[in-house]
Structure formats: C-alpha cells, structure tokens
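The data block below is query32.txt; it holds compact mmCIF, C-alpha atoms.
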# COMPACT_ATOMS: atom_id res chain seq x y z
CA MET A 1 -44.07 51.03 -61.32
CA THR A 2 -47.43 51.75 -59.74
CA THR A 3 -48.93 55.07 -60.72
CA ASP A 4 -49.01 57.77 -58.07
CA HIS A 5 -52.74 57.80 -57.46
CA ASP A 6 -52.68 54.12 -56.46
CA ILE A 7 -50.07 54.44 -53.77
CA SER A 8 -52.12 55.53 -50.78
CA SER A 9 -55.08 53.29 -51.60
CA VAL A 10 -53.01 50.10 -51.48
CA ARG A 11 -53.16 48.40 -48.09
CA VAL A 12 -50.02 46.79 -46.77
CA ARG A 13 -51.17 44.40 -44.07
CA ALA A 14 -47.74 43.87 -42.52
CA LEU A 15 -47.40 47.61 -41.99
CA GLU A 16 -50.93 47.99 -40.67
CA GLN A 17 -50.13 45.40 -37.99
CA ILE A 18 -47.11 47.43 -36.93
CA VAL A 19 -49.26 50.53 -36.61
CA GLU A 20 -51.83 48.62 -34.55
CA ARG A 21 -49.20 47.35 -32.10
CA GLY A 22 -47.95 50.90 -31.67
CA GLN A 23 -44.44 50.31 -30.33
CA THR A 24 -43.51 53.89 -31.13
CA TRP A 25 -40.38 55.43 -29.66
CA ASP A 26 -42.24 57.92 -27.47
CA ARG A 27 -44.09 55.06 -25.75
CA MET A 28 -41.11 52.72 -25.51
CA ALA A 29 -38.78 55.45 -24.29
CA ALA A 30 -41.26 56.41 -21.59
CA ARG A 31 -41.69 52.78 -20.52
CA TYR A 32 -37.93 52.26 -20.12
CA HIS A 33 -37.15 55.79 -18.88
CA VAL A 34 -34.96 56.53 -21.90
CA THR A 35 -34.54 60.22 -22.57
CA HIS A 36 -33.00 60.18 -26.06
CA PRO A 37 -35.45 61.94 -28.39
CA LEU A 38 -34.95 59.64 -31.39
CA PRO A 39 -34.97 55.84 -31.71
CA PRO A 40 -31.63 54.10 -32.27
CA TRP A 41 -32.63 52.98 -35.75
CA LYS A 42 -33.15 56.56 -37.02
CA SER A 43 -29.59 57.10 -38.28
CA ARG A 44 -29.68 53.73 -40.08
CA LEU A 45 -32.98 54.72 -41.70
CA ASP A 46 -31.43 58.02 -42.83
CA ALA A 47 -28.48 56.08 -44.23
CA THR A 48 -30.85 53.78 -46.12
CA CYS A 49 -32.55 56.83 -47.64
CA ASP A 50 -29.17 58.32 -48.59
CA ALA A 51 -28.03 55.04 -50.11
CA LEU A 52 -31.27 54.73 -52.11
CA ASP A 53 -30.94 58.35 -53.27
CA ASP A 54 -27.38 57.67 -54.38
CA GLU A 55 -28.57 55.24 -57.01
CA GLY A 56 -31.97 56.82 -57.50
CA ALA A 57 -33.15 54.06 -59.78
CA ALA A 58 -35.34 52.08 -57.40
CA LEU A 59 -36.95 55.06 -55.69
CA PRO A 60 -35.94 58.57 -56.79
CA LEU A 61 -35.48 61.11 -53.99
CA LEU A 62 -38.44 63.33 -54.84
CA THR A 63 -40.73 60.33 -55.27
CA ARG A 64 -39.62 59.02 -51.90
CA ARG A 65 -40.25 62.36 -50.18
CA ASP A 66 -43.57 62.96 -51.95
CA ASP A 67 -44.70 59.49 -50.92
CA GLU A 68 -43.58 60.14 -47.35
CA ASP A 69 -45.59 63.37 -47.16
CA ARG A 70 -48.63 61.71 -48.66
CA MET A 71 -48.47 58.47 -46.67
CA SER A 72 -47.89 60.35 -43.42
CA ARG A 73 -50.99 62.40 -44.09
CA GLU A 74 -53.34 59.90 -45.68
CA VAL A 75 -52.45 56.43 -44.42
CA TYR A 76 -50.22 56.62 -41.34
CA ALA A 77 -51.53 59.81 -39.76
CA SER A 78 -51.58 58.16 -36.32
CA LEU A 79 -47.82 57.53 -36.35
CA PRO A 80 -45.38 60.08 -34.97
CA TYR A 81 -42.06 61.00 -36.60
CA PRO A 82 -39.79 59.21 -37.40
CA GLU A 83 -41.97 56.09 -37.37
CA ASN A 84 -44.06 57.61 -40.17
CA GLN A 85 -40.89 58.18 -42.22
CA LEU A 86 -39.89 54.51 -41.85
CA VAL A 87 -43.32 53.04 -42.53
CA ALA A 88 -43.88 55.39 -45.48
CA LEU A 89 -40.60 54.23 -47.00
CA ALA A 90 -41.66 50.60 -46.60
CA HIS A 91 -45.05 51.42 -48.12
CA SER A 92 -43.37 53.10 -51.12
CA LEU A 93 -41.02 50.20 -51.73
CA VAL A 94 -43.88 47.68 -51.57
CA THR A 95 -46.42 49.60 -53.61
CA ARG A 96 -43.81 50.53 -56.22
CA ASN A 97 -42.89 46.86 -56.57
CA VAL A 98 -39.33 47.16 -55.33
CA VAL A 99 -40.02 44.85 -52.39
CA ASP A 100 -42.70 42.17 -52.35
CA GLU A 101 -45.14 42.39 -49.44
CA ASP A 102 -44.92 38.68 -48.56
CA GLU A 103 -41.17 38.82 -48.81
CA LEU A 104 -41.12 41.78 -46.42
CA ALA A 105 -43.43 40.03 -43.94
CA ALA A 106 -41.28 36.88 -44.03
CA ARG A 107 -38.09 38.84 -43.55
CA MET A 108 -39.58 40.76 -40.63
CA ALA A 109 -40.53 37.47 -38.97
CA ALA A 110 -37.01 36.14 -39.52
CA VAL A 111 -35.38 39.30 -38.18
CA ARG A 112 -37.62 39.32 -35.11
CA ALA A 113 -36.83 35.66 -34.40
CA ARG A 114 -33.14 36.47 -34.66
CA LEU A 115 -33.30 39.48 -32.36
CA ASP A 116 -35.59 37.82 -29.83
CA ALA A 117 -33.28 34.82 -29.68
CA ALA A 118 -30.36 37.10 -28.90
CA GLY A 119 -32.25 38.57 -25.97
CA ALA A 120 -33.46 35.22 -24.58
CA MET B 1 -29.45 42.69 -16.46
CA ALA B 2 -28.60 42.49 -12.79
CA GLU B 3 -25.36 40.54 -12.97
CA THR B 4 -22.06 42.33 -13.12
CA HIS B 5 -19.08 40.56 -14.63
CA ARG B 6 -15.49 41.55 -14.94
CA ASP B 7 -13.62 40.98 -18.15
CA GLY B 8 -9.90 40.63 -18.66
CA SER B 9 -9.38 44.39 -18.86
CA GLY B 10 -10.47 44.79 -15.28
CA HIS B 11 -13.46 46.94 -16.27
CA ASP B 12 -16.94 46.07 -15.17
CA THR B 13 -19.02 44.78 -18.05
CA HIS B 14 -22.77 44.49 -18.70
CA GLN B 15 -23.89 47.01 -16.16
CA HIS B 16 -22.08 50.27 -15.58
CA ALA B 17 -22.92 52.81 -12.93
CA GLY B 18 -24.44 55.87 -14.59
CA THR B 19 -25.16 54.14 -17.91
CA ALA B 20 -28.22 55.60 -19.63
CA PRO B 21 -31.14 53.17 -19.65
CA MET B 22 -31.93 51.32 -22.89
CA VAL B 23 -35.19 50.05 -24.33
CA GLU B 24 -34.86 46.35 -23.44
CA GLU B 25 -37.43 45.21 -25.98
CA VAL B 26 -37.30 44.53 -29.70
CA THR B 27 -39.78 46.84 -31.41
CA ASP B 28 -41.58 46.30 -34.70
CA PHE B 29 -40.02 49.47 -36.08
CA GLU B 30 -36.51 48.26 -35.31
CA VAL B 31 -37.37 44.99 -37.03
CA LEU B 32 -38.84 46.78 -40.06
CA GLU B 33 -35.75 48.97 -40.47
CA ILE B 34 -33.47 45.93 -40.49
CA ALA B 35 -35.74 43.91 -42.80
CA LEU B 36 -35.97 46.71 -45.37
CA ARG B 37 -32.23 47.30 -45.30
CA GLU B 38 -31.39 43.61 -45.70
CA LEU B 39 -33.79 43.21 -48.63
CA ALA B 40 -32.43 46.35 -50.31
CA ILE B 41 -28.88 45.04 -49.98
CA GLU B 42 -29.86 41.61 -51.31
CA LYS B 43 -31.56 43.24 -54.29
CA GLY B 44 -28.39 45.17 -55.05
CA LEU B 45 -29.89 48.61 -54.40
CA PHE B 46 -26.82 49.43 -52.31
CA THR B 47 -24.10 47.54 -50.48
CA ALA B 48 -23.74 46.89 -46.76
CA GLU B 49 -20.46 48.80 -46.85
CA ASP B 50 -22.14 51.83 -48.43
CA HIS B 51 -24.81 51.71 -45.77
CA ARG B 52 -22.30 51.52 -42.94
CA ARG B 53 -20.47 54.56 -44.30
CA TYR B 54 -23.66 56.56 -44.72
CA THR B 55 -24.68 55.69 -41.17
CA GLU B 56 -21.31 56.80 -39.85
CA HIS B 57 -21.64 60.04 -41.82
CA VAL B 58 -25.17 60.75 -40.60
CA GLU B 59 -24.22 60.09 -36.99
CA GLN B 60 -21.33 62.56 -36.97
CA LEU B 61 -23.37 65.46 -38.38
CA GLU B 62 -24.32 68.15 -35.90
CA PRO B 63 -25.31 71.83 -35.91
CA ALA B 64 -22.28 72.76 -33.76
CA ALA B 65 -20.26 73.30 -36.94
CA GLY B 66 -22.70 75.99 -38.09
CA SER B 67 -22.63 77.64 -34.66
CA ARG B 68 -18.83 77.86 -34.72
CA PHE B 69 -18.97 79.15 -38.29
CA VAL B 70 -21.20 82.07 -37.31
CA ALA B 71 -19.25 82.86 -34.14
CA LYS B 72 -16.04 83.01 -36.16
CA ALA B 73 -17.70 85.24 -38.77
CA TRP B 74 -18.80 87.63 -36.00
CA LEU B 75 -15.26 87.91 -34.64
CA ASP B 76 -13.08 87.67 -37.74
CA PRO B 77 -13.81 90.19 -40.55
CA ASP B 78 -11.64 88.30 -43.04
CA PHE B 79 -13.51 85.07 -42.37
CA ARG B 80 -16.82 86.90 -42.64
CA ARG B 81 -15.88 88.24 -46.07
CA LEU B 82 -14.85 84.76 -47.17
CA ALA B 83 -18.07 83.26 -45.76
CA LEU B 84 -20.16 85.68 -47.79
CA SER B 85 -18.15 85.47 -50.99
CA ASP B 86 -17.24 81.76 -50.99
CA ALA B 87 -19.06 79.82 -48.29
CA ILE B 88 -17.62 76.52 -49.48
CA ALA B 89 -14.06 77.81 -48.99
CA ALA B 90 -15.02 79.21 -45.58
CA SER B 91 -16.51 75.84 -44.63
CA ARG B 92 -13.29 74.16 -45.63
CA GLU B 93 -11.46 76.40 -43.13
CA MET B 94 -13.83 74.98 -40.50
CA GLY B 95 -12.95 71.44 -41.55
CA ILE B 96 -16.10 70.84 -43.60
CA ASP B 97 -15.66 69.88 -47.21
CA TRP B 98 -18.93 70.42 -49.04
CA LEU B 99 -17.66 68.81 -52.19
CA HIS B 100 -16.68 65.60 -50.41
CA PRO B 101 -18.52 65.70 -47.07
CA THR B 102 -18.18 62.01 -46.41
CA GLY B 103 -14.91 61.44 -48.16
CA PHE B 104 -16.78 59.27 -50.63
CA GLY B 105 -19.52 61.64 -51.78
CA THR B 106 -23.18 61.80 -50.86
CA PRO B 107 -25.98 62.30 -53.31
CA SER B 108 -27.78 65.02 -51.43
CA ASP B 109 -24.85 67.03 -50.10
CA PHE B 110 -22.76 67.51 -53.22
CA THR B 111 -23.95 71.00 -53.76
CA ALA B 112 -23.55 74.78 -53.77
CA PHE B 113 -23.65 76.51 -50.40
CA GLU B 114 -24.44 80.14 -49.65
CA VAL B 115 -24.47 82.13 -46.42
CA LEU B 116 -27.31 84.63 -46.10
CA GLU B 117 -26.30 87.77 -44.18
CA ASP B 118 -28.94 89.31 -41.96
CA THR B 119 -28.88 93.03 -41.17
CA PRO B 120 -30.99 95.05 -38.71
CA THR B 121 -33.52 95.57 -41.54
CA LEU B 122 -33.24 92.25 -43.41
CA HIS B 123 -34.03 88.79 -42.06
CA HIS B 124 -33.54 85.48 -43.90
CA VAL B 125 -35.22 82.14 -43.30
CA ILE B 126 -34.62 78.91 -45.21
CA VAL B 127 -36.96 76.21 -46.44
CA CYS B 128 -37.14 73.46 -49.01
CA THR B 129 -40.57 73.66 -50.57
CA LEU B 130 -40.05 70.50 -52.65
CA CYS B 131 -38.90 68.07 -49.99
CA SER B 132 -36.43 68.71 -47.14
CA CYS B 133 -33.09 69.80 -48.63
CA TYR B 134 -30.99 71.12 -45.77
CA PRO B 135 -27.35 72.18 -45.28
CA ARG B 136 -26.54 68.88 -43.57
CA PRO B 137 -22.73 69.03 -43.59
CA ILE B 138 -22.84 72.15 -41.43
CA LEU B 139 -26.21 71.89 -39.61
CA GLY B 140 -26.69 68.15 -39.21
CA MET B 141 -29.99 66.43 -39.87
CA SER B 142 -33.07 68.59 -40.33
CA PRO B 143 -35.60 68.84 -37.50
CA GLU B 144 -38.96 67.15 -37.89
CA TRP B 145 -40.91 70.37 -38.46
CA TYR B 146 -38.60 71.40 -41.31
CA ARG B 147 -39.74 68.31 -43.22
CA THR B 148 -43.45 68.95 -42.79
CA PRO B 149 -45.65 70.25 -45.63
CA ASN B 150 -47.13 72.61 -43.05
CA TYR B 151 -43.87 74.55 -42.65
CA ARG B 152 -42.84 74.22 -46.28
CA ARG B 153 -46.08 75.55 -47.71
CA ARG B 154 -46.78 78.27 -45.21
CA ILE B 155 -43.36 79.86 -44.66
CA VAL B 156 -43.27 81.05 -48.28
CA ARG B 157 -46.79 82.44 -48.17
CA TRP B 158 -47.03 83.86 -44.67
CA PRO B 159 -43.45 84.11 -43.36
CA ARG B 160 -44.20 86.60 -40.59
CA GLN B 161 -47.08 84.52 -39.29
CA VAL B 162 -45.04 81.33 -39.29
CA LEU B 163 -42.05 83.03 -37.66
CA ALA B 164 -44.40 84.37 -34.99
CA GLU B 165 -45.47 80.77 -34.30
CA PHE B 166 -41.81 80.10 -33.47
CA GLY B 167 -41.91 83.08 -31.12
CA LEU B 168 -40.05 85.36 -33.52
CA TYR B 169 -41.91 88.63 -33.98
CA LEU B 170 -40.30 90.92 -36.56
CA SER B 171 -41.33 94.54 -36.93
CA GLU B 172 -42.71 95.74 -40.26
CA ASP B 173 -39.52 97.63 -41.07
CA VAL B 174 -37.62 94.34 -41.22
CA GLU B 175 -37.78 92.77 -44.67
CA VAL B 176 -38.17 88.98 -44.62
CA ARG B 177 -36.60 86.90 -47.39
CA VAL B 178 -37.38 83.21 -47.67
CA GLU B 179 -34.74 81.20 -49.52
CA ASP B 180 -35.90 77.99 -51.13
CA SER B 181 -33.26 75.26 -51.04
CA ASN B 182 -32.99 72.50 -53.59
CA SER B 183 -30.89 69.46 -54.24
CA LYS B 184 -28.00 71.53 -55.61
CA HIS B 185 -28.24 74.75 -53.59
CA ARG B 186 -28.22 75.04 -49.80
CA PHE B 187 -28.30 78.04 -47.52
CA MET B 188 -27.51 78.99 -43.93
CA VAL B 189 -28.40 82.21 -42.14
CA LEU B 190 -25.73 84.49 -40.64
CA PRO B 191 -27.70 86.34 -37.97
CA VAL B 192 -26.87 89.77 -36.58
CA ARG B 193 -24.65 89.54 -33.52
CA PRO B 194 -26.88 90.50 -30.61
CA ASP B 195 -26.25 93.28 -28.12
CA GLY B 196 -24.91 92.13 -24.78
CA THR B 197 -22.23 89.88 -26.27
CA GLU B 198 -19.39 92.42 -26.32
CA GLY B 199 -16.07 90.86 -25.36
CA TRP B 200 -17.37 87.30 -25.66
CA THR B 201 -15.12 84.51 -26.88
CA GLU B 202 -15.85 82.42 -29.97
CA GLU B 203 -16.96 79.56 -27.71
CA GLN B 204 -19.36 81.79 -25.78
CA LEU B 205 -20.82 83.19 -28.99
CA ALA B 206 -21.18 79.76 -30.58
CA GLU B 207 -23.31 78.62 -27.63
CA ILE B 208 -26.10 81.08 -28.41
CA VAL B 209 -26.12 80.32 -32.17
CA THR B 210 -28.67 77.54 -32.06
CA ARG B 211 -29.85 75.43 -34.98
CA ASP B 212 -33.04 77.50 -35.17
CA CYS B 213 -30.99 80.71 -35.54
CA LEU B 214 -29.12 79.16 -38.47
CA ILE B 215 -32.41 78.24 -40.17
CA GLY B 216 -33.78 81.70 -39.43
CA VAL B 217 -36.75 80.88 -37.20
CA ALA B 218 -35.04 82.36 -34.13
CA LEU B 219 -32.58 85.11 -33.30
CA PRO B 220 -29.53 84.59 -31.08
CA ARG B 221 -29.94 86.03 -27.61
CA PRO B 222 -27.59 86.01 -24.63
CA GLY B 223 -28.68 83.30 -22.25
CA VAL B 224 -30.57 81.24 -24.83
CA THR B 225 -28.56 78.17 -25.82
CA SER B 226 -31.20 75.69 -26.92
CA ASN B 227 -33.96 75.50 -29.51
CA ALA B 228 -37.50 76.22 -28.40
CA ILE B 229 -39.74 73.18 -28.02
CA ARG B 230 -42.51 73.51 -30.58
CA PRO B 231 -45.99 72.56 -29.48
CA ARG B 232 -47.78 70.17 -31.84
CA HIS B 233 -51.37 70.84 -32.79
CA PRO B 234 -53.64 68.77 -35.03
CA ALA B 235 -54.82 70.63 -38.11
CA ILE B 236 -58.09 72.49 -37.70
CA ARG B 237 -58.98 71.81 -41.33
CA PRO B 238 -56.93 68.75 -42.32
CA VAL B 239 -56.05 68.39 -45.97
CA THR B 240 -58.00 65.47 -47.41
CA GLY B 241 -56.43 65.35 -50.83
CA ASP B 242 -54.64 67.43 -53.43
Mind converting the file's structure to structure tokens?
Amino acid sequence: MTTDHDISSVRVRALEQIVERGQTWDRMAARYHVTHPLPPWKSRLDATCDALDDEGAALPLLTRRDDEDRMSREVYASLPYPENQLVALAHSLVTRNVVDEDELAARMAAVRARLDAAGA
Amino acid sequence: MAETHRDGSGHDTHQHAGTAPMVEEVTDFEVLEIALRELAIEKGLFTAEDHRRYTEHVEQLEPAAGSRFVAKAWLDPDFRRLALSDAIAASREMGIDWLHPTGFGTPSDFTAFEVLEDTPTLHHVIVCTLCSCYPRPILGMSPEWYRTPNYRRRIVRWPRQVLAEFGLYLSEDVEVRVEDSNSKHRFMVLPVRPDGTEGWTEEQLAEIVTRDCLIGVALPRPGVTSNAIRPRHPAIRPVTGD
C-alpha cells in the first residue's frame, strides 16, 4: 500500500482527463433543464462506499474519507460535490494499488462504448 | 425522443406528458462510477448483489423519519421519555431498526443512537470530526457541508460563529453543546417545540422539523419547512498542507 504522503502527488491521467472535460452535474443538469440536485449515479457511489466499508480490507473507511478530504482539497479542488467524492475514491483505489490505472482507463473506455452504443 | 409508442398495456411509452427531463448524454462521471464498481466486483471486494442492496437502502433513506420522530416526541410524553432513555427502542416504534437498518446489516449504521434534548437554555449540534458519521437510518444521507473539513473543524472550536453562518444566532445565556459522532455512536437533536404551534397535528409539526433542525444548525419555526440554501465561498486563506 502506498504511504499517505505519496497519495496526492501521484497523477492519475485518466482522472485528470475527466476533470478537464468537466461534465459535472451542475453543468449537465443546466444544459438539459434537469432540476434534481444530485446526479443519478450518487446513490450507487454511496452504495459502493458502503460495500467497501463493509469489508474494510481494500480501503478502510477512515482512509477513504481522509483521502477524500485531502484529494478534494489538494488535487481536485476544481470539482464540485459529489464529483470530487467519486474522483477521490478512484484516485485512492489507484494510488493504493487496489485498481490498476491502465485497467481503469480500459474499463472506462469499454463502459463508455457500451453506453454510447445503447443511445445510438 | 420525439416518437410516442403504445405498448400492450395501453399506456404511452417512451415519452410521457409531465415527465421530468433527463440528461440525454453519457457523462464521464457516470462512466467512472460504473467502471470502478465493475472492477471492484470482479476483484471480489463486494458482490453485485451486495451493491444492489446497499443502493436500495441508500435510496430509501430520508430525513422525514427524524421529523416524524420529533413531532411524536413533542405530542406524546411517553414516547418522549422512551426517546430520551432508549432512542433505539423509540426508533423501532417508528419502524426504524438501528440494529438491522437494511435487514442485512450495514457497516456504518450498526451503532448506538442517542437523542439530545434541547431546552430554552441548552442547544445541541452534531458533527463528526473524524469523517462524516451521521444518523443515516433516521436522517438519510448527510448534506455536503456536513462532510466538509470546514464544518467539522470549526463547529467544535467556534460553535456560535458557525451557527451564526447558518443564520442561527443564540444568545449568550444559551449553552451550546457540540456532540462528536463516531462509527459506533450517533446523535440526533430534539429541538424545543416552538411557540405558535399550539394545537398542531403530528403531520403539521413534522413539516417544520427540517433536517437542519435535527442536526442542530437551525431551529424549527412555524412557516419554515425547508433547509436554508447555504452560500458557498472560496477560502480566504486556503489550507495548503497539514
């Protein structure tokens, strides 16, 4: 497991690209005139956090929350909530070697292809 | 989608009059959430079935249970006594089982629960200085500001100042107690029933017991049935490191 002081200095390119594109819920909701305050994926993100906490082995609760506070402040300060919560979780899992960065990038590409195909 | 079809049930499908608009675009954040979840499941960190049940649990949580709890405590002296002596038993009367909130157990909600009684000279407010522990079974998911280091650090040091930022100005003769939650101990505030609510029904009372009142950053007032919108300001002196 990576030591704590390394976490915020590690760059995760796949996540940086997401930040650059900036498809945050406030912007998307405004574009499509949606009034719900939170994105539809928020409850699934909360469930992922709960499920991870249940086991606690891969990413203990306090580590996850400490990382979220720190990443939101030091690395992803431009992101609003809950996007910063999601991206911070991804950053933690990558930098703590639970998920490989290339593996995450490949899976994101596959998921996007799947979802885009459904909307075509 | 402009087309309207009819299915076998006779109901219009695809487009319904009055349906709330949706974001018709796949976002990177949606993709990231799915990708992370799929990888976690494949690595055996949790199962898809566990995740579905947690999602269902999270989506049914709401602060309305806490509002009804307080309204009942205001009207029913026996329930009030039970709420203050055994909040878990009182919750069970309201249909909330703290020991098994999901029916299958959750890591962060299997916990002790205590109701903090305000008086005209004592005001409580809750926080979790470590992370964001919150009485979820009865208040739902915590608001964004409750999770922030800004609130968590400052409410314990300067409670009156922070409460004033929420628009809650307490006179000096009111003692303020800040209760720090943790993974095994959660709190909820039982505010003083406000003047002007004499003769109200439980439903009427519950309407003015907002989430913020149950956290302790607001007081119930006749006519106020929603949480205040908090303005967001960038830090004047941002923290650059610990």
My list of candidates is B:Leu190, B:Cys133, B:Leu84, B:Leu36. Which is closest to chain A when distances are computed with only C-alpha atoms? B:Leu36
Considering all atoms listed in the file, tabulate each residue of chain B that lies at most 6 Å from chain A along with its nearest interatomic pair and the corresponding distance in Å to one decimal; arrange the rows by chain and ascending residue number and present them as a Markdown table.
| residue | atom | partner | partner_atom | distance |
| --- | --- | --- | --- | --- |
| B:Pro21 | CA | A:Val34 | CA | 5.6 |
| B:Val23 | CA | A:Tyr32 | CA | 5.5 |
| B:Thr27 | CA | A:Gln23 | CA | 5.9 |
| B:Val31 | CA | A:Met108 | CA | 6.0 |
| B:Ala35 | CA | A:Met108 | CA | 5.4 |
| B:His51 | CA | A:Ala47 | CA | 5.9 |
| B:Tyr54 | CA | A:Ala47 | CA | 4.9 |
| B:Thr55 | CA | A:Ala47 | CA | 4.9 |
| B:Pro107 | CA | A:Asp54 | CA | 5.0 |
| B:Cys131 | CA | A:Arg65 | CA | 5.9 |
Counting only C-alpha atoms, what is within 9 Å of Ile126 of chain B, bar same-chain residues fewer than 3 positions away, as a CSV table (one decimal) with C-alpha atoms, in the coordinates of the input?
chain,number,residue,atom,x,y,z
B,134,TYR,CA,-31.0,71.1,-45.8
B,155,ILE,CA,-43.4,79.9,-44.7
B,177,ARG,CA,-36.6,86.9,-47.4
B,178,VAL,CA,-37.4,83.2,-47.7
B,179,GLU,CA,-34.7,81.2,-49.5
B,180,ASP,CA,-35.9,78.0,-51.1
B,181,SER,CA,-33.3,75.3,-51.0
B,186,ARG,CA,-28.2,75.0,-49.8
B,187,PHE,CA,-28.3,78.0,-47.5
B,188,MET,CA,-27.5,79.0,-43.9
B,189,VAL,CA,-28.4,82.2,-42.1
B,214,LEU,CA,-29.1,79.2,-38.5
B,215,ILE,CA,-32.4,78.2,-40.2
B,216,GLY,CA,-33.8,81.7,-39.4
B,217,VAL,CA,-36.8,80.9,-37.2
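Rounded to one decimal, atom CA of Arg193 of chain B and atom CA of Ala228 of chain B lie 19.2 Å from each other.
Interatomic distance, atom CA of Ile96 of chain B against atom CA of Gly66 of chain B: 10.0 Å.
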For the atom pair atom CA of Lys184 of chain B and atom CA of Thr129 of chain B, what is the interatomic distance in Å to one decimal place?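 If I compute the distance from atom CA of Lys184 of chain B to atom CA of Thr129 of chain B, I get 13.7 Å.
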Skip Ala206 of chain B itself and residues of its chain fewer than 6 positions away, then list as an mmCIF file with C-alpha atoms, in the coordinates of the input all residues within 9 Å of it, counting all atoms listed in the file.
data_model
loop_
_atom_site.group_PDB
_atom_site.id
_atom_site.type_symbol
_atom_site.label_atom_id
_atom_site.label_comp_id
_atom_site.auth_asym_id
_atom_site.auth_seq_id
_atom_site.Cartn_x
_atom_site.Cartn_y
_atom_site.Cartn_z
ATOM 1 C CA ALA B 64 -22.280 72.760 -33.760
ATOM 2 C CA GLY B 66 -22.700 75.990 -38.090
ATOM 3 C CA SER B 67 -22.630 77.640 -34.660
ATOM 4 C CA ARG B 68 -18.830 77.860 -34.720
ATOM 5 C CA PHE B 69 -18.970 79.150 -38.290
ATOM 6 C CA VAL B 70 -21.200 82.070 -37.310
ATOM 7 C CA ALA B 71 -19.250 82.860 -34.140
ATOM 8 C CA LYS B 72 -16.040 83.010 -36.160
ATOM 9 C CA THR B 225 -28.560 78.170 -25.820
#
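Considering only C-alpha atoms, the residue among A:Met71, A:Leu38, A:Ala77, A:Ala118 positioned nearest to His91 of chain A is A:Met71.
Look at Leu130 of chain B: the protein and nucleic acid residues within 8 Å of it, using all atoms listed in the file and passing over chain neighbours fewer than 2 places away, are Leu62 of chain A; Cys128, Ser132, Arg152 and Asn182 of chain B.
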Rank nothing, just name the residue among A:Val10, A:Gln85, A:Asp26, A:Glu16 nearest to Thr148 of chain B, using all atoms listed in the file.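 Of the candidates, the smallest distance to Thr148 of chain B is held by A:Gln85.
In this comparison, which uses only C-alpha atoms, the residue of B:Pro120, B:Pro149, B:Pro137, B:Pro143 approaching Leu219 of chain B most closely is B:Pro120.
Remark: for Ser9 of chain A, the closest of the candidate residues A:Ser92, A:Ala117, A:Glu101, A:Val75 is A:Val75 (distances computed over all atoms listed in the file).
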Proximity to Tyr76 of chain A - best of A:Pro37, A:Ala88, A:Val12, A:Arg96, all atoms listed in the file: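 Using all atoms listed in the file, the shortest distance to Tyr76 of chain A belongs to A:Ala88.
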For Glu62 of chain B, work out the shell of residues within 9 Å, counting only C-alpha atoms and skipping chain neighbours fewer than 3 positions away, then give it as a list in words. Val58, Glu59, Ala65, Gly66, Arg136, Pro137, Ile138, Leu139, Gly140 and Met141 of chain B
